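Engineer: My structure is stored as data.cif, with mmCIF, C-alpha atoms and all ligand atoms.
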data_protein
#
loop_
_atom_site.label_atom_id
_atom_site.label_comp_id
_atom_site.auth_asym_id
_atom_site.auth_seq_id
_atom_site.Cartn_x
_atom_site.Cartn_y
_atom_site.Cartn_z
CA MET I 29 45.90 -68.58 -7.78
CA SER I 30 46.55 -66.60 -4.61
CA ALA I 31 49.93 -66.50 -2.90
CA GLN I 32 48.38 -68.44 -0.02
CA GLY I 33 47.79 -71.52 -2.18
CA ALA I 34 44.96 -73.92 -1.55
CA GLY I 35 46.86 -75.76 1.18
CA GLY I 36 48.13 -72.65 2.95
CA ILE I 37 51.58 -71.73 4.12
CA GLY I 38 53.44 -73.59 6.85
CA LEU I 39 56.76 -72.92 8.52
CA ILE I 40 58.79 -75.87 9.72
CA TRP I 41 61.90 -75.63 11.83
CA ALA I 42 63.89 -77.33 14.59
CA GLN I 43 65.19 -75.36 17.53
CA ALA I 44 67.39 -75.93 20.55
CA ARG I 45 66.72 -74.22 23.89
CA GLY I 46 66.45 -70.47 23.52
CA GLY I 47 65.31 -70.80 19.91
CA VAL I 48 68.71 -71.51 18.33
CA ILE I 49 68.23 -72.84 14.78
CA GLY I 50 71.68 -72.42 13.23
CA ALA I 51 75.38 -71.87 13.84
CA GLY I 52 78.08 -71.14 11.28
CA GLY I 53 75.79 -71.95 8.35
CA THR I 54 74.59 -75.29 9.64
CA MET I 55 72.42 -76.89 12.33
CA PRO I 56 74.48 -77.54 15.47
CA TRP I 57 73.10 -80.99 16.29
CA HIS I 58 72.64 -84.43 14.78
CA LEU I 59 69.03 -85.57 14.88
CA PRO I 60 68.27 -88.08 12.10
CA GLU I 61 64.70 -88.62 13.32
CA ASP I 62 63.99 -84.93 12.75
CA LEU I 63 65.42 -85.06 9.22
CA LYS I 64 63.02 -87.95 8.50
CA HIS I 65 60.10 -86.00 9.99
CA PHE I 66 61.08 -82.97 7.88
CA SER I 67 61.25 -85.09 4.75
CA ARG I 68 57.92 -86.85 5.45
CA THR I 69 56.18 -83.54 6.12
CA THR I 70 57.48 -81.55 3.16
CA THR I 71 57.75 -84.15 0.36
CA GLY I 72 55.14 -83.48 -2.32
CA SER I 73 54.95 -79.76 -1.52
CA PRO I 74 56.92 -76.78 -2.78
CA VAL I 75 59.60 -75.63 -0.33
CA VAL I 76 60.71 -72.00 -0.03
CA MET I 77 64.10 -71.12 1.44
CA GLY I 78 66.67 -68.34 1.69
CA ARG I 79 69.91 -68.62 -0.25
CA ARG I 80 71.98 -69.36 2.87
CA THR I 81 69.76 -72.33 3.73
CA TRP I 82 70.22 -73.63 0.15
CA ASP I 83 73.98 -73.22 0.67
CA SER I 84 73.75 -75.21 3.91
CA PHE I 85 72.74 -78.38 2.02
CA PRO I 86 75.62 -80.44 0.60
CA ALA I 87 75.47 -80.29 -3.22
CA ARG I 88 74.60 -83.99 -3.46
CA TYR I 89 71.46 -83.48 -1.32
CA ARG I 90 70.04 -80.59 -3.29
CA PRO I 91 67.59 -79.88 -4.72
CA LEU I 92 65.59 -81.65 -2.00
CA PRO I 93 63.93 -84.49 -3.93
CA GLY I 94 60.18 -84.70 -4.52
CA ARG I 95 59.71 -81.01 -3.86
CA THR I 96 59.93 -77.89 -6.03
CA ASN I 97 62.84 -76.03 -4.40
CA ILE I 98 62.36 -72.24 -4.51
CA VAL I 99 65.37 -70.19 -3.40
CA ILE I 100 65.17 -66.49 -2.53
CA THR I 101 68.22 -64.44 -3.50
CA ARG I 102 69.05 -60.93 -4.66
CA ASP I 103 71.94 -62.32 -6.74
CA ASP I 104 70.73 -62.75 -10.33
CA ALA I 105 74.04 -64.33 -11.35
CA LEU I 106 73.94 -67.13 -8.77
CA GLU I 107 73.63 -70.63 -10.20
CA LEU I 108 70.94 -72.71 -8.48
CA PRO I 109 71.00 -76.07 -10.26
CA GLY I 110 67.67 -77.85 -9.94
CA ALA I 111 66.02 -75.00 -8.05
CA VAL I 112 63.71 -72.12 -8.98
CA ARG I 113 64.93 -68.59 -8.26
CA ALA I 114 62.80 -65.93 -6.56
CA ARG I 115 63.85 -62.34 -5.85
CA SER I 116 61.56 -61.82 -2.85
CA LEU I 117 59.39 -63.76 -0.42
CA PRO I 118 56.10 -62.69 -2.11
CA GLU I 119 57.48 -63.82 -5.49
CA ALA I 120 58.55 -67.15 -3.94
CA LEU I 121 55.11 -67.72 -2.41
CA GLU I 122 53.38 -66.90 -5.72
CA LEU I 123 55.62 -69.38 -7.52
CA ALA I 124 54.97 -71.99 -4.85
CA ALA I 125 51.20 -71.53 -5.05
CA SER I 126 51.32 -72.02 -8.80
CA GLU I 127 53.43 -75.21 -8.38
CA ALA I 128 51.51 -76.79 -5.48
CA ALA I 129 49.23 -79.75 -6.14
CA PRO I 130 45.60 -79.01 -5.21
CA GLY I 131 45.34 -78.86 -1.43
CA ALA I 132 49.08 -79.17 -0.87
CA PRO I 133 50.63 -76.61 1.45
CA THR I 134 53.74 -74.55 0.77
CA TRP I 135 56.45 -75.14 3.35
CA VAL I 136 58.85 -72.35 4.28
CA ILE I 137 62.01 -74.14 5.41
CA GLY I 138 64.25 -71.30 6.58
CA GLY I 139 66.43 -69.79 7.53
CA GLY I 140 66.17 -67.12 10.18
CA THR I 141 65.57 -64.14 7.90
CA ILE I 142 62.96 -65.93 5.81
CA TYR I 143 61.09 -67.32 8.85
CA ALA I 144 60.96 -63.83 10.36
CA ASP I 145 59.39 -62.43 7.18
CA ALA I 146 57.08 -65.37 6.44
CA ILE I 147 55.55 -65.94 9.87
CA GLU I 148 53.03 -63.14 9.33
CA VAL I 149 51.44 -65.00 6.39
CA ALA I 150 51.76 -68.50 7.85
CA GLU I 151 48.80 -70.58 8.97
CA ARG I 152 50.73 -73.45 10.53
CA LEU I 153 54.01 -73.84 12.41
CA VAL I 154 55.61 -77.23 12.92
CA VAL I 155 58.40 -76.87 15.46
CA THR I 156 60.77 -79.56 16.66
CA GLU I 157 61.98 -78.59 20.11
CA ILE I 158 65.32 -80.12 21.03
CA ASP I 159 66.26 -80.33 24.69
CA LEU I 160 69.75 -79.03 24.10
CA ASP I 161 71.81 -76.02 25.16
CA VAL I 162 73.96 -74.92 22.24
CA ASP I 163 75.52 -71.69 20.98
CA GLY I 164 74.21 -70.33 17.69
CA ASP I 165 74.01 -67.28 15.47
CA THR I 166 70.53 -67.78 14.01
CA THR I 167 67.27 -67.99 15.93
CA ALA I 168 63.66 -68.98 15.34
CA PRO I 169 61.06 -66.26 14.87
CA GLU I 170 58.93 -65.07 17.76
CA ILE I 171 55.58 -66.87 17.58
CA PRO I 172 52.78 -64.28 17.34
CA GLU I 173 50.10 -64.44 20.05
CA ASP I 174 47.33 -65.43 17.65
CA PHE I 175 48.94 -68.85 17.14
CA ALA I 176 47.71 -71.61 19.47
CA LEU I 177 49.34 -74.93 20.24
CA ARG I 178 47.24 -77.63 18.52
CA SER I 179 49.26 -80.77 19.11
CA ALA I 180 52.36 -82.11 20.77
CA GLU I 181 54.08 -85.31 19.82
CA PRO I 182 54.51 -87.08 22.13
CA ALA I 183 51.51 -85.69 24.02
CA GLU I 184 53.65 -85.57 27.18
CA GLY I 185 57.37 -85.68 27.71
CA TRP I 186 59.93 -86.25 24.99
CA HIS I 187 61.03 -88.65 22.31
CA VAL I 188 64.60 -89.87 22.78
CA SER I 189 66.69 -89.93 19.61
CA ALA I 190 69.09 -92.75 18.81
CA SER I 191 71.70 -90.00 19.30
CA GLY I 192 70.48 -89.56 22.89
CA LEU I 193 68.93 -86.12 22.32
CA ARG I 194 65.44 -85.51 23.66
CA TYR I 195 63.00 -83.84 21.25
CA ARG I 196 59.30 -83.24 20.67
CA ILE I 197 57.24 -81.89 17.78
CA LEU I 198 54.78 -79.07 18.40
CA THR I 199 52.18 -77.86 15.89
CA TYR I 200 50.63 -74.40 16.13
CA THR I 201 47.84 -72.92 14.02
CA ARG I 202 46.13 -69.52 14.04
N1 LIG D 301 66.97 -75.46 12.48
C1 LIG D 301 66.26 -75.34 11.35
O1 LIG D 301 65.16 -75.85 11.23
C2 LIG D 301 66.86 -74.56 10.21
C3 LIG D 301 66.17 -74.45 8.99
C4 LIG D 301 66.75 -73.72 7.96
C5 LIG D 301 67.98 -73.11 8.14
N2 LIG D 301 68.60 -73.24 9.33
C6 LIG D 301 69.90 -72.57 9.57
O2 LIG D 301 69.69 -71.17 9.45
C7 LIG D 301 70.92 -70.58 8.97
C8 LIG D 301 70.61 -69.79 7.68
O3 LIG D 301 69.66 -68.78 8.00
P1 LIG D 301 69.95 -67.24 7.64
O4 LIG D 301 68.94 -66.39 8.33
O5 LIG D 301 71.40 -66.96 7.88
O6 LIG D 301 69.79 -67.21 6.05
P2 LIG D 301 68.55 -67.58 5.08
O7 LIG D 301 67.28 -66.96 5.61
O8 LIG D 301 68.55 -69.03 4.79
O9 LIG D 301 69.02 -66.87 3.73
C9 LIG D 301 69.28 -65.50 3.71
C10 LIG D 301 69.47 -65.07 2.27
O10 LIG D 301 68.22 -65.11 1.59
C11 LIG D 301 68.13 -64.02 0.68
N3 LIG D 301 67.10 -63.11 1.15
C12 LIG D 301 66.61 -62.95 2.41
N4 LIG D 301 65.63 -62.02 2.42
C13 LIG D 301 65.49 -61.59 1.15
C14 LIG D 301 64.64 -60.64 0.51
N5 LIG D 301 63.71 -59.94 1.20
N6 LIG D 301 64.77 -60.43 -0.81
C15 LIG D 301 65.68 -61.14 -1.55
N7 LIG D 301 66.52 -62.06 -0.99
C16 LIG D 301 66.42 -62.27 0.33
C17 LIG D 301 69.50 -63.36 0.67
O11 LIG D 301 70.26 -64.09 -0.26
P3 LIG D 301 71.47 -63.42 -1.12
O12 LIG D 301 72.50 -63.04 -0.09
O13 LIG D 301 71.89 -64.51 -2.05
O14 LIG D 301 70.88 -62.24 -1.85
C18 LIG D 301 69.98 -63.65 2.09
O15 LIG D 301 71.38 -63.58 2.23
C19 LIG D 301 71.89 -71.73 8.75
O16 LIG D 301 72.68 -71.89 9.91
C20 LIG D 301 70.97 -72.92 8.57
O17 LIG D 301 71.60 -74.16 8.91
C21 LIG D 301 68.08 -73.95 10.36
#
Written as structure tokens, how would this file's structure read?
Structural biologist:
Amino acid sequence: MSAQGAGGIGLIWAQARGGVIGAGGTMPWHLPEDLKHFSRTTTGSPVVMGRRTWDSFPARYRPLPGRTNIVITRDDALELPGAVRARSLPEALELAASEAAPGAPTWVIGGGTIYADAIEVAERLVVTEIDLDVDGDTTAPEIPEDFALRSAEPAEGWHVSASGLRYRILTYTR
């Protein structure tokens, strides 16, 4: 099977204003509705992530259930209980394509370095925009010009989280 997989490759991330996606090895906000959206979207598909994103999940929450977790690392000695190791993004995408159910996409779930490398081969971007100013050390990739916005949820304005944060979910395809 090709590295693209039958269902294609999607990137999914959440970003604050200015494209901030991480700070100090975690996400600098609390947005349970986005975690549910992330889980709904990715469950049943392989997920590909960098080693630091794997590290960002508390041990009791990993591997992410219902998904083959593929972790990219150069460290052959690193223990990754419950996950599949890959030594490069192309190797991770090949593994994901071979694991994916027919028609299921592969989701690339971060972090910054992996998004930057994977966006060139992605067909779909699912981006939660959070209406929040926050300092960070990791940012979302630049969206190439051949991606077009296909849907916004809500169509206008913002959802308001139980936490008070405003957010919306944008989907781009190329
Ligand atoms: N807001 C969101 O949606 C979202 C999503 C995911 C993550 N995040 C945040 O993003 C931050 C982590 O992102 P990050 O950019 O620092 O790290 P990352 O992309 O998660 O992981 C980087 C690691 O992946 C491995 N790696 C990267 N490129 C590689 C290559 N070409 N070949 C082999 N291995 C490679 C290396 O692991 P080794 O060092 O082990 O070799 C590298 O240190 C955290 O703050 C996290 O909370 C946010």
Engineer: Write out as a ChimeraX atom specification each polymer residue (protein, DNA or RNA) that has an atom no more than 9 Å from ligand LIG 301 (chain D), with only C-alpha atoms and all ligand atoms counted.
Structural biologist: /I:40-44,47-56,66,77-85,99-104,106,114-118,136-145,155-156,164-168
Engineer: Please provide as an MDAnalysis selection string all residues within 9 Å of Ala129 of chain I, with the sequence filter that same-chain residues fewer than 5 positions apart are discarded (counting all atoms listed in the file).
Structural biologist: chainID I and resid 34:35 72:74
Engineer: Pick from I:Ser191, I:Thr199, I:Thr96, I:Thr70: nearest to Leu177 of chain I, with only C-alpha atoms counted?
Structural biologist: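 Smallest separation from Leu177 of chain I among the options: I:Thr199.
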Engineer: Within 6 Å of (65.1, -72.8, -6.0) (file coordinates; only C-alpha atoms), which protein or nucleic acid residues are there? I'd like them as a list of chain:residue names.
Structural biologist: I:Asn97, I:Ile98, I:Val99, I:Ala111, I:Val112, I:Arg113
Engineer: Kindly give the distance, in Å, that separates atom CA of Leu123 of chain I and atom CA of Arg202 of chain I, rounded to a single decimal.
Structural biologist: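 If I compute the distance from atom CA of Leu123 of chain I to atom CA of Arg202 of chain I, I get 23.6 Å.
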Engineer: Can you tell me how far atom CA of Pro182 of chain I sits from atom CA of Thr201 of chain I, in Å to one decimal?
Structural biologist: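 That distance, rounded to one decimal, is 17.6 Å.
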